[in-house]
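Enquirer: Okay, so here is work32.tsv, and as you'll see once you scroll down, it has TSV, C-alpha atoms.
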chain	number	residue	atom	x	y	z
S	1	MET	CA	149.25	21.70	66.33
S	2	LYS	CA	150.11	25.03	64.85
S	3	SER	CA	147.90	24.36	61.88
S	4	PHE	CA	145.00	23.65	64.23
S	5	GLU	CA	145.49	26.94	66.03
S	6	HIS	CA	145.54	28.63	62.67
S	7	PHE	CA	142.35	26.85	61.72
S	8	GLY	CA	140.67	28.02	64.95
S	9	MET	CA	141.63	31.59	64.20
S	10	HIS	CA	140.02	31.41	60.80
S	11	ILE	CA	136.83	29.96	62.23
S	12	GLN	CA	136.69	32.71	64.84
S	13	ALA	CA	137.27	35.42	62.30
S	14	GLY	CA	134.75	33.89	59.96
S	15	VAL	CA	132.05	33.60	62.61
S	16	LEU	CA	132.70	37.23	63.51
S	17	ALA	CA	132.29	38.29	59.91
S	18	SER	CA	129.11	36.25	59.44
S	19	LEU	CA	127.51	37.58	62.61
S	20	PHE	CA	128.37	41.09	61.50
S	21	ALA	CA	126.81	40.45	58.10
S	22	ILE	CA	123.63	38.92	59.55
S	23	LEU	CA	123.30	41.79	62.01
S	24	LEU	CA	123.52	44.24	59.13
S	25	THR	CA	120.85	42.39	57.18
S	26	LEU	CA	118.15	42.05	59.81
S	27	PRO	CA	116.63	45.51	59.39
S	28	ALA	CA	116.99	45.22	55.64
S	29	ILE	CA	114.91	42.06	55.49
S	30	SER	CA	111.88	43.60	57.15
S	31	ASP	CA	112.38	46.64	54.94
S	32	ALA	CA	112.60	44.53	51.81
S	33	GLU	CA	109.13	43.22	52.55
S	34	ALA	CA	107.65	46.69	52.70
S	35	HIS	CA	107.68	47.26	48.96
S	36	GLY	CA	103.99	46.88	48.42
S	37	ILE	CA	100.82	46.82	50.48
S	38	ASN	CA	97.77	44.80	49.59
S	39	LEU	CA	94.53	46.22	50.91
S	40	PHE	CA	91.36	44.13	51.00
S	41	CYS	CA	88.02	45.55	52.09
S	42	ARG	CA	84.41	44.42	52.26
S	43	LEU	CA	81.23	46.22	53.24
S	44	GLU	CA	78.84	44.50	55.62
S	45	GLY	CA	75.86	46.77	55.87
S	46	PRO	CA	77.18	50.21	56.70
S	47	THR	CA	80.38	48.87	58.26
S	48	LEU	CA	83.62	48.62	56.35
S	49	HIS	CA	85.87	45.70	57.28
S	50	GLY	CA	89.34	45.29	55.88
S	51	GLU	CA	92.78	43.76	56.10
S	52	ALA	CA	96.15	44.97	54.87
S	53	TYR	CA	99.33	43.01	54.18
S	54	PHE	CA	102.77	43.80	52.90
S	55	SER	CA	103.75	41.86	49.82
S	56	GLY	CA	105.87	39.59	52.04
S	57	GLY	CA	102.77	38.49	53.95
S	58	ASN	CA	103.24	40.48	57.15
S	59	PRO	CA	100.26	42.53	58.39
S	60	ALA	CA	100.41	46.32	57.96
S	61	LYS	CA	100.10	47.35	61.60
S	62	ASN	CA	98.97	50.71	63.00
S	63	SER	CA	98.45	52.24	59.59
S	64	THR	CA	96.09	55.16	59.06
S	65	ILE	CA	92.88	54.43	57.17
S	66	ASN	CA	90.99	57.32	55.59
S	67	ILE	CA	87.68	56.88	53.84
S	68	TYR	CA	86.67	59.47	51.25
S	69	ALA	CA	83.42	59.93	49.38
S	70	ILE	CA	84.16	59.54	45.68
S	71	ASP	CA	81.65	62.14	44.42
S	72	THR	CA	82.45	64.94	46.88
S	73	GLY	CA	85.99	63.96	47.89
S	74	LYS	CA	85.05	64.61	51.50
S	75	LEU	CA	86.67	62.65	54.33
S	76	LEU	CA	83.87	60.49	55.73
S	77	ALA	CA	85.67	58.55	58.43
S	78	SER	CA	89.12	57.50	59.52
S	79	GLY	CA	90.71	54.89	61.69
S	80	ALA	CA	93.76	52.68	62.05
S	81	THR	CA	94.68	49.04	61.52
S	82	SER	CA	95.17	46.73	64.50
S	83	SER	CA	98.35	44.82	65.25
S	84	GLU	CA	96.98	42.10	62.92
S	85	GLY	CA	96.50	44.60	60.12
S	86	LYS	CA	92.69	44.51	60.40
S	87	PHE	CA	90.17	47.28	60.79
S	88	SER	CA	86.39	47.83	61.04
S	89	ILE	CA	85.03	51.31	60.53
S	90	PRO	CA	81.29	52.14	60.71
S	91	LEU	CA	79.95	54.44	57.99
S	92	GLU	CA	76.88	56.64	58.22
S	93	LYS	CA	75.52	55.52	54.88
S	94	LYS	CA	76.50	53.44	51.88
S	95	VAL	CA	77.91	55.81	49.29
S	96	PRO	CA	80.68	55.19	46.76
S	97	ILE	CA	83.93	55.40	48.71
S	98	LYS	CA	87.65	55.35	48.31
S	99	VAL	CA	89.66	53.80	51.14
S	100	VAL	CA	93.25	54.99	51.47
S	101	LEU	CA	95.81	53.30	53.70
S	102	ASP	CA	99.00	55.09	54.74
S	103	ASP	CA	101.57	53.29	56.88
S	104	GLY	CA	103.39	56.53	57.68
S	105	GLN	CA	106.54	55.35	55.88
S	106	GLY	CA	105.64	56.35	52.39
S	107	HIS	CA	103.66	53.23	51.52
S	108	ARG	CA	100.09	53.66	50.40
S	109	ALA	CA	97.34	51.45	49.11
S	110	SER	CA	93.78	52.22	48.11
S	111	TRP	CA	90.53	50.40	47.47
S	112	THR	CA	87.39	51.80	45.88
S	113	TRP	CA	83.76	50.78	46.06
S	114	ASN	CA	81.08	51.97	43.66
S	115	LYS	CA	77.47	51.40	44.50
S	116	THR	CA	76.96	49.76	41.14
S	117	SER	CA	79.71	47.18	41.34
S	118	LYS	CA	78.38	44.35	43.45
S	119	LYS	CA	81.51	42.31	43.24
S	120	GLU	CA	83.16	42.24	46.61
S	121	ILE	CA	86.32	40.23	46.38
S	122	GLU	CA	87.13	37.95	49.24
S	123	PRO	CA	90.47	38.72	50.83
S	124	GLN	CA	93.19	36.36	49.74
S	125	ARG	CA	96.12	36.13	52.02
S	126	PRO	CA	99.27	36.32	49.90
S	127	VAL	CA	101.74	33.47	50.20
S	128	SER	CA	104.64	34.55	52.35
S	129	LYS	CA	108.01	34.18	50.68
S	130	LYS	CA	109.79	34.03	54.03
S	131	PRO	CA	113.15	35.48	52.98
S	132	PHE	CA	114.88	34.84	56.27
S	133	PRO	CA	114.65	31.02	56.38
S	134	THR	CA	115.72	30.92	52.72
S	135	ILE	CA	118.76	33.04	53.52
S	136	ILE	CA	119.64	30.66	56.35
S	137	ALA	CA	119.19	27.73	53.94
S	138	GLY	CA	121.53	29.49	51.50
S	139	ILE	CA	124.22	29.94	54.13
S	140	ALA	CA	123.83	26.30	55.16
S	141	ALA	CA	124.23	25.28	51.51
S	142	ILE	CA	127.43	27.34	51.27
S	143	ALA	CA	128.74	25.60	54.40
S	144	VAL	CA	127.96	22.19	52.89
S	145	ILE	CA	129.56	23.00	49.51
S	146	PHE	CA	132.74	24.28	51.13
S	147	GLY	CA	132.68	21.41	53.62
S	148	ILE	CA	132.83	18.98	50.70
S	149	LEU	CA	135.58	21.02	49.03
S	150	TYR	CA	137.48	21.07	52.31
S	151	LEU	CA	137.30	17.30	52.77
S	152	TRP	CA	138.25	16.77	49.15
S	153	LYS	CA	141.31	19.02	49.54
S	154	ARG	CA	142.38	17.27	52.73
S	155	ARG	CA	142.13	13.85	51.14
S	156	ASP	CA	144.05	15.17	48.17
S	157	ALA	CA	146.80	16.48	50.39
S	158	ALA	CA	147.07	13.27	52.42
Y	159	MET	CA	124.05	44.20	39.13
Y	160	HIS	CA	122.80	40.95	37.73
Y	161	ILE	CA	122.14	40.19	34.11
Y	162	SER	CA	118.90	38.30	33.63
Y	163	GLU	CA	118.43	35.36	31.34
Y	164	GLY	CA	117.60	35.69	27.69
Y	165	VAL	CA	119.50	38.91	26.95
Y	166	LEU	CA	123.05	37.94	26.15
Y	167	PRO	CA	124.27	35.98	23.12
Y	168	LEU	CA	125.51	32.44	23.59
Y	169	ALA	CA	129.16	33.37	22.98
Y	170	THR	CA	129.17	35.81	25.92
Y	171	LEU	CA	127.45	33.29	28.19
Y	172	ALA	CA	129.88	30.52	27.24
Y	173	GLY	CA	132.86	32.86	27.57
Y	174	GLY	CA	131.68	33.88	31.03
Y	175	TYR	CA	131.38	30.26	32.10
Y	176	ALA	CA	134.80	29.38	30.67
Y	177	ALA	CA	136.62	32.30	32.31
Y	178	SER	CA	134.87	31.81	35.67
Y	179	SER	CA	135.63	28.08	35.67
Y	180	VAL	CA	139.31	28.81	35.07
Y	181	GLY	CA	139.24	31.37	37.90
Y	182	ILE	CA	137.51	28.99	40.31
Y	183	GLY	CA	139.75	26.06	39.38
Y	184	LEU	CA	143.04	27.92	39.68
Y	185	GLY	CA	141.98	29.58	42.92
Y	186	LEU	CA	140.93	26.36	44.58
Y	187	LYS	CA	143.97	24.48	43.36
Y	188	LYS	CA	146.36	26.89	45.01
Y	189	SER	CA	144.40	27.40	48.21
Y	190	THR	CA	145.21	25.73	51.50
Y	191	ASP	CA	142.44	24.01	53.42
Y	192	GLU	CA	142.48	26.70	56.12
Y	193	HIS	CA	141.94	29.29	53.43
Y	194	LEU	CA	138.86	27.39	52.24
Y	195	VAL	CA	137.19	28.02	55.60
Y	196	ARG	CA	137.72	31.74	55.17
Y	197	THR	CA	136.45	31.55	51.58
Y	198	ALA	CA	133.27	29.84	52.77
Y	199	MET	CA	132.69	32.56	55.36
Y	200	PHE	CA	133.11	35.35	52.84
Y	201	SER	CA	130.95	33.49	50.35
Y	202	SER	CA	128.19	33.56	52.98
Y	203	ALA	CA	128.83	37.23	53.65
Y	204	PHE	CA	128.63	38.03	49.91
Y	205	PHE	CA	125.44	35.98	49.63
Y	206	VAL	CA	123.85	37.96	52.45
Y	207	THR	CA	124.97	41.48	51.47
Y	208	SER	CA	122.77	41.40	48.38
Y	209	PHE	CA	119.76	41.61	50.68
Y	210	ILE	CA	120.87	44.93	52.14
Y	211	HIS	CA	118.88	47.42	50.15
Y	212	ILE	CA	119.64	51.11	50.10
Y	213	PRO	CA	116.98	53.42	48.70
Y	214	ILE	CA	118.66	56.08	46.56
Y	215	GLY	CA	116.47	58.25	44.40
Y	216	PRO	CA	113.79	56.33	42.55
Y	217	THR	CA	115.58	53.00	42.54
Y	218	ASN	CA	116.62	50.59	45.21
Y	219	ILE	CA	120.18	49.39	44.97
Y	220	HIS	CA	121.81	46.72	47.05
Y	221	LEU	CA	125.32	46.45	48.39
Y	222	VAL	CA	127.76	44.36	46.39
Y	223	LEU	CA	130.97	44.42	48.46
Y	224	ASN	CA	132.84	42.32	45.91
Y	225	GLY	CA	136.00	44.35	46.56
Y	226	PHE	CA	135.78	43.52	50.25
Y	227	VAL	CA	135.36	39.81	49.50
Y	228	GLY	CA	138.21	39.90	46.98
Y	229	LEU	CA	140.57	41.72	49.30
Y	230	LEU	CA	140.06	39.25	52.12
Y	231	THR	CA	139.85	35.99	50.18
Y	232	GLY	CA	142.42	36.67	47.43
Y	233	ARG	CA	142.60	34.14	44.65
Y	234	THR	CA	139.68	32.04	45.91
Y	235	CYS	CA	137.31	34.98	45.39
Y	236	PHE	CA	136.01	33.38	42.17
Y	237	ALA	CA	134.83	30.39	44.19
Y	238	ALA	CA	133.39	32.54	46.98
Y	239	ILE	CA	131.45	34.77	44.59
Y	240	GLY	CA	130.48	32.03	42.14
Y	241	ILE	CA	128.91	29.81	44.79
Y	242	ALA	CA	127.10	32.74	46.41
Y	243	LEU	CA	125.68	33.77	43.03
Y	244	LEU	CA	124.66	30.19	42.26
Y	245	LEU	CA	122.62	30.05	45.46
Y	246	GLN	CA	121.11	33.48	44.84
Y	247	ALA	CA	120.05	32.31	41.38
Y	248	VAL	CA	118.60	29.03	42.67
Y	249	LEU	CA	116.92	30.30	45.84
Y	250	PHE	CA	115.92	33.84	44.94
Y	251	GLN	CA	115.93	33.93	41.11
Y	252	PHE	CA	118.50	36.74	41.09
Y	253	GLY	CA	120.22	36.56	37.73
Y	254	GLY	CA	119.89	33.07	36.34
Y	255	ILE	CA	121.65	29.80	35.67
Y	256	THR	CA	122.63	30.58	32.07
Y	257	THR	CA	124.06	33.97	33.10
Y	258	LEU	CA	125.81	32.59	36.18
Y	259	GLY	CA	129.17	32.38	34.41
Y	260	ILE	CA	129.21	35.92	33.09
Y	261	ASN	CA	127.78	37.33	36.34
Y	262	THR	CA	130.50	35.54	38.32
Y	263	LEU	CA	133.15	36.89	35.97
Y	264	ASN	CA	131.79	40.44	36.20
Y	265	MET	CA	131.88	40.36	40.00
Y	266	ALA	CA	134.92	38.21	40.71
Y	267	LEU	CA	137.42	39.57	38.18
Y	268	PRO	CA	137.26	43.11	39.65
Y	269	ALA	CA	137.40	41.56	43.13
Y	270	PHE	CA	140.59	39.71	42.21
Y	271	LEU	CA	142.12	42.82	40.59
Y	272	CYS	CA	141.32	44.77	43.76
Y	273	PHE	CA	143.10	42.08	45.76
Y	274	LEU	CA	146.19	42.49	43.56
Y	275	ILE	CA	146.10	46.30	43.84
Y	276	PHE	CA	145.04	46.86	47.45
Y	277	SER	CA	146.39	43.89	49.38
Y	278	PRO	CA	150.01	45.20	49.25
Y	279	LEU	CA	148.76	48.62	50.39
Y	280	LEU	CA	146.91	47.00	53.27
Y	281	ARG	CA	149.96	45.00	54.30
Y	282	ARG	CA	152.39	47.90	54.20
Y	283	LYS	CA	149.84	50.34	55.62
Y	284	SER	CA	151.30	53.03	53.37
Y	285	ILE	CA	147.91	54.75	53.40
Y	286	PRO	CA	145.31	54.55	56.19
Y	287	VAL	CA	143.16	51.40	56.22
Y	288	VAL	CA	140.00	53.47	55.80
Y	289	LEU	CA	141.28	54.96	52.54
Y	290	THR	CA	142.34	51.56	51.22
Y	291	GLY	CA	138.86	50.30	52.02
Y	292	PHE	CA	137.12	53.17	50.30
Y	293	PHE	CA	139.18	52.89	47.12
Y	294	CYS	CA	138.84	49.11	47.11
Y	295	GLY	CA	135.05	49.29	47.36
Y	296	PHE	CA	134.87	52.09	44.80
Y	297	VAL	CA	137.19	50.53	42.22
Y	298	SER	CA	135.63	47.06	42.45
Y	299	VAL	CA	132.10	48.34	41.81
Y	300	PHE	CA	133.42	50.68	39.09
Y	301	LEU	CA	135.07	47.77	37.27
Y	302	SER	CA	132.06	45.50	37.78
Y	303	ALA	CA	129.71	48.12	36.36
Y	304	LEU	CA	132.08	48.59	33.42
Y	305	LEU	CA	132.24	44.83	32.73
Y	306	LEU	CA	128.47	44.58	33.09
Y	307	SER	CA	127.97	47.36	30.55
Y	308	LEU	CA	130.47	45.77	28.18
Y	309	SER	CA	128.70	42.41	28.43
Y	310	LEU	CA	125.42	44.12	27.58
Y	311	VAL	CA	127.03	45.70	24.53
Y	312	THR	CA	127.92	42.22	23.22
Y	313	ALA	CA	124.16	41.65	22.90
Y	314	GLY	CA	124.07	44.18	20.06
Y	315	GLU	CA	124.27	47.88	19.36
Y	316	SER	CA	120.69	48.39	20.48
Y	317	PHE	CA	121.84	47.66	24.01
Y	318	ILE	CA	124.30	50.58	24.11
Y	319	PRO	CA	121.79	52.99	25.76
Y	320	ALA	CA	120.90	50.30	28.32
Y	321	ALA	CA	124.59	49.69	28.98
Y	322	LYS	CA	125.19	53.40	29.60
Y	323	LEU	CA	122.16	53.55	31.87
Y	324	VAL	CA	123.34	50.54	33.89
Y	325	PHE	CA	126.72	52.15	34.37
Y	326	ALA	CA	125.19	55.48	35.44
Y	327	ALA	CA	122.77	53.77	37.82
Y	328	ASN	CA	125.65	52.11	39.59
Y	329	THR	CA	127.68	55.25	40.25
Y	330	PRO	CA	126.06	55.99	43.64
Y	331	LEU	CA	126.73	52.38	44.58
Y	332	MET	CA	130.47	52.89	43.99
Y	333	ILE	CA	130.48	55.52	46.74
Y	334	VAL	CA	128.20	53.57	49.10
Y	335	ASP	CA	130.22	50.39	48.65
Y	336	GLY	CA	133.39	52.41	49.21
Y	337	PHE	CA	132.11	53.70	52.53
Y	338	VAL	CA	130.87	50.33	53.73
Y	339	THR	CA	134.12	48.60	52.74
Y	340	ALA	CA	136.08	51.34	54.54
Y	341	LEU	CA	134.03	50.88	57.73
Y	342	ALA	CA	134.23	47.09	57.56
Y	343	LEU	CA	138.00	47.11	57.05
Y	344	GLN	CA	138.53	49.56	59.87
Y	345	PHE	CA	136.36	47.42	62.13
Y	346	ILE	CA	138.40	44.31	61.27
Y	347	ASP	CA	141.66	46.24	61.67
Y	348	LYS	CA	140.66	47.16	65.23
Y	349	VAL	CA	139.17	43.81	66.23
Y	350	LYS	CA	141.21	41.25	64.32
Y	351	PRO	CA	144.02	42.81	62.27
Y	352	GLU	CA	145.60	39.46	61.32
Y	353	MET	CA	142.46	38.74	59.29
Y	354	LEU	CA	143.38	41.48	56.81
Y	355	ILE	CA	146.17	39.39	55.34
Y	356	PRO	CA	144.73	36.46	53.41
Rewrite the structure from the file as structure tokens, please.

Expert:
Amino acid sequence: MKSFEHFGMHIQAGVLASLFAILLTLPAISDAEAHGINLFCRLEGPTLHGEAYFSGGNPAKNSTINIYAIDTGKLLASGATSSEGKFSIPLEKKVPIKVVLDDGQGHRASWTWNKTSKKEIEPQRPVSKKPFPTIIAGIAAIAVIFGILYLWKRRDAA
Amino acid sequence: MHISEGVLPLATLAGGYAASSVGIGLGLKKSTDEHLVRTAMFSSAFFVTSFIHIPIGPTNIHLVLNGFVGLLTGRTCFAAIGIALLLQAVLFQFGGITTLGINTLNMALPAFLCFLIFSPLLRRKSIPVVLTGFFCGFVSVFLSALLLSLSLVTAGESFIPAAKLVFAANTPLMIVDGFVTALALQFIDKVKPEMLIP
């Protein structure tokens, strides 16, 4: 009986420690995704459409978009991304432009368009690595490995 | 704090595997089944802490907390750290399978030494728990960085600058890990003090 009480105590303590660890990690996971931003734009007539994603696959929300003329360096227009990371900004005329995205947390991305280059690359949504489910899978794997070790030890002791 | 594949000579890799296997085997042999539950929990905690990134200067370092794991698991820390590193290598490509042995040794040996040094201090409470925690975190990362640099040196003299750089890059981590271990130990001391004695 005593050994069972002891066992319960360990479980409790362990759960406490794990919860604490997971709690600590949650902000870090979203932060870990913010290492790079991919910006994709296309011009349809005089309107610039675009999408922005973090390298983890999440949309870059509410980020500032500034559009500069390449030859004069003047700010032509500005706007912000939606909650889905998309934006559409009308331009007065089609001139070579540089689009700069700033998420306000030190992450920037840019995209340039020259009149001469006709190639307008279709946006490709990056494959999300989904760190969180993989972390959960890792913890489950640890539980399974130690579960086997535990059973093996018990059988050994018996 | 992981060595990637294809850098170290075979002798170092094999030596790492041999030493880690001995550590894991001896630890598991002497452990009770209740202790295994605790080891599993701290293995999970160690697995997860590597995802906590702290931006310092130009680089991004992550917490290691091997001293914390060592202090609270004792002689099964080789198993706790080895299994966590195996899963990090398989699921996230941190380190690699060939370097798993040496990486486990570099993390777990300092953890075990910290257990030998700091566990008596923690039991007797001769110095405050916070101080024990800080020194434990600091010393474990210091020793791990030292072992890591030494393993790089075995790859040849041309790796000496890299080894020095690795050691220097990890100095801020010694302090950060010290603080986090101190906070964690103080938290456990308040909430569940019996957990501090493995």

Enquirer: Find the distance between CA of Cys235 in chain Y and CA of Ala320 in chain Y and write it in Å to one decimal.

Expert: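 So the two atoms, CA of Cys235 in chain Y and CA of Ala320 in chain Y, lie 28.2 Å apart.
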
Enquirer: Chain Y residues within 6 Å of chain S, counting all atoms listed in the file: which ones, as a PyMOL selection string?

Expert: chain Y and resi 191-192+198-199+202-203+210

Enquirer: Report, in Å with one decimal, the straight-line distance from CA of Ala52 in chain S to CA of Lys86 in chain S.

Expert: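 Going from CA of Ala52 in chain S over to CA of Lys86 in chain S covers 6.5 Å.
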
Enquirer: Report, in Å to a single decimal, how far apart CA of Gly181 in chain Y and CA of Leu289 in chain Y are.

Expert: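 Computing it gives 27.8 Å between the two atoms.
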
Enquirer: Scan for residues within 12 Å of the point (122.6, 33.5, 43.9) in the coordinates of the file, using all atoms listed in the file, and reply as a PyMOL selection string.

Expert: (chain S and resi 134-135+138-139+141-142) or (chain Y and resi 159-162+201-202+204-209+238-255+257-259+261-262)

Enquirer: Could the residues in this selection be saved with C-alpha atoms as an mmCIF file, keeping the file's coordinate frame?

Expert:
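Just written: part.cif:
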data_model
loop_
_atom_site.group_PDB
_atom_site.id
_atom_site.type_symbol
_atom_site.label_atom_id
_atom_site.label_comp_id
_atom_site.auth_asym_id
_atom_site.auth_seq_id
_atom_site.Cartn_x
_atom_site.Cartn_y
_atom_site.Cartn_z
ATOM 1 C CA THR S 134 115.720 30.920 52.720
ATOM 2 C CA ILE S 135 118.760 33.040 53.520
ATOM 3 C CA GLY S 138 121.530 29.490 51.500
ATOM 4 C CA ILE S 139 124.220 29.940 54.130
ATOM 5 C CA ALA S 141 124.230 25.280 51.510
ATOM 6 C CA ILE S 142 127.430 27.340 51.270
ATOM 7 C CA MET Y 159 124.050 44.200 39.130
ATOM 8 C CA HIS Y 160 122.800 40.950 37.730
ATOM 9 C CA ILE Y 161 122.140 40.190 34.110
ATOM 10 C CA SER Y 162 118.900 38.300 33.630
ATOM 11 C CA SER Y 201 130.950 33.490 50.350
ATOM 12 C CA SER Y 202 128.190 33.560 52.980
ATOM 13 C CA PHE Y 204 128.630 38.030 49.910
ATOM 14 C CA PHE Y 205 125.440 35.980 49.630
ATOM 15 C CA VAL Y 206 123.850 37.960 52.450
ATOM 16 C CA THR Y 207 124.970 41.480 51.470
ATOM 17 C CA SER Y 208 122.770 41.400 48.380
ATOM 18 C CA PHE Y 209 119.760 41.610 50.680
ATOM 19 C CA ALA Y 238 133.390 32.540 46.980
ATOM 20 C CA ILE Y 239 131.450 34.770 44.590
ATOM 21 C CA GLY Y 240 130.480 32.030 42.140
ATOM 22 C CA ILE Y 241 128.910 29.810 44.790
ATOM 23 C CA ALA Y 242 127.100 32.740 46.410
ATOM 24 C CA LEU Y 243 125.680 33.770 43.030
ATOM 25 C CA LEU Y 244 124.660 30.190 42.260
ATOM 26 C CA LEU Y 245 122.620 30.050 45.460
ATOM 27 C CA GLN Y 246 121.110 33.480 44.840
ATOM 28 C CA ALA Y 247 120.050 32.310 41.380
ATOM 29 C CA VAL Y 248 118.600 29.030 42.670
ATOM 30 C CA LEU Y 249 116.920 30.300 45.840
ATOM 31 C CA PHE Y 250 115.920 33.840 44.940
ATOM 32 C CA GLN Y 251 115.930 33.930 41.110
ATOM 33 C CA PHE Y 252 118.500 36.740 41.090
ATOM 34 C CA GLY Y 253 120.220 36.560 37.730
ATOM 35 C CA GLY Y 254 119.890 33.070 36.340
ATOM 36 C CA ILE Y 255 121.650 29.800 35.670
ATOM 37 C CA THR Y 257 124.060 33.970 33.100
ATOM 38 C CA LEU Y 258 125.810 32.590 36.180
ATOM 39 C CA GLY Y 259 129.170 32.380 34.410
ATOM 40 C CA ASN Y 261 127.780 37.330 36.340
ATOM 41 C CA THR Y 262 130.500 35.540 38.320
#

Enquirer: Considering only C-alpha atoms, state which residue in the set S:Ser83, S:Asn38, S:Thr72, S:Thr64 is at the smallest distance from Ala109 in chain S.

Expert: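 Residue with the minimum atom-to-atom distance to Ala109 in chain S: S:Asn38.
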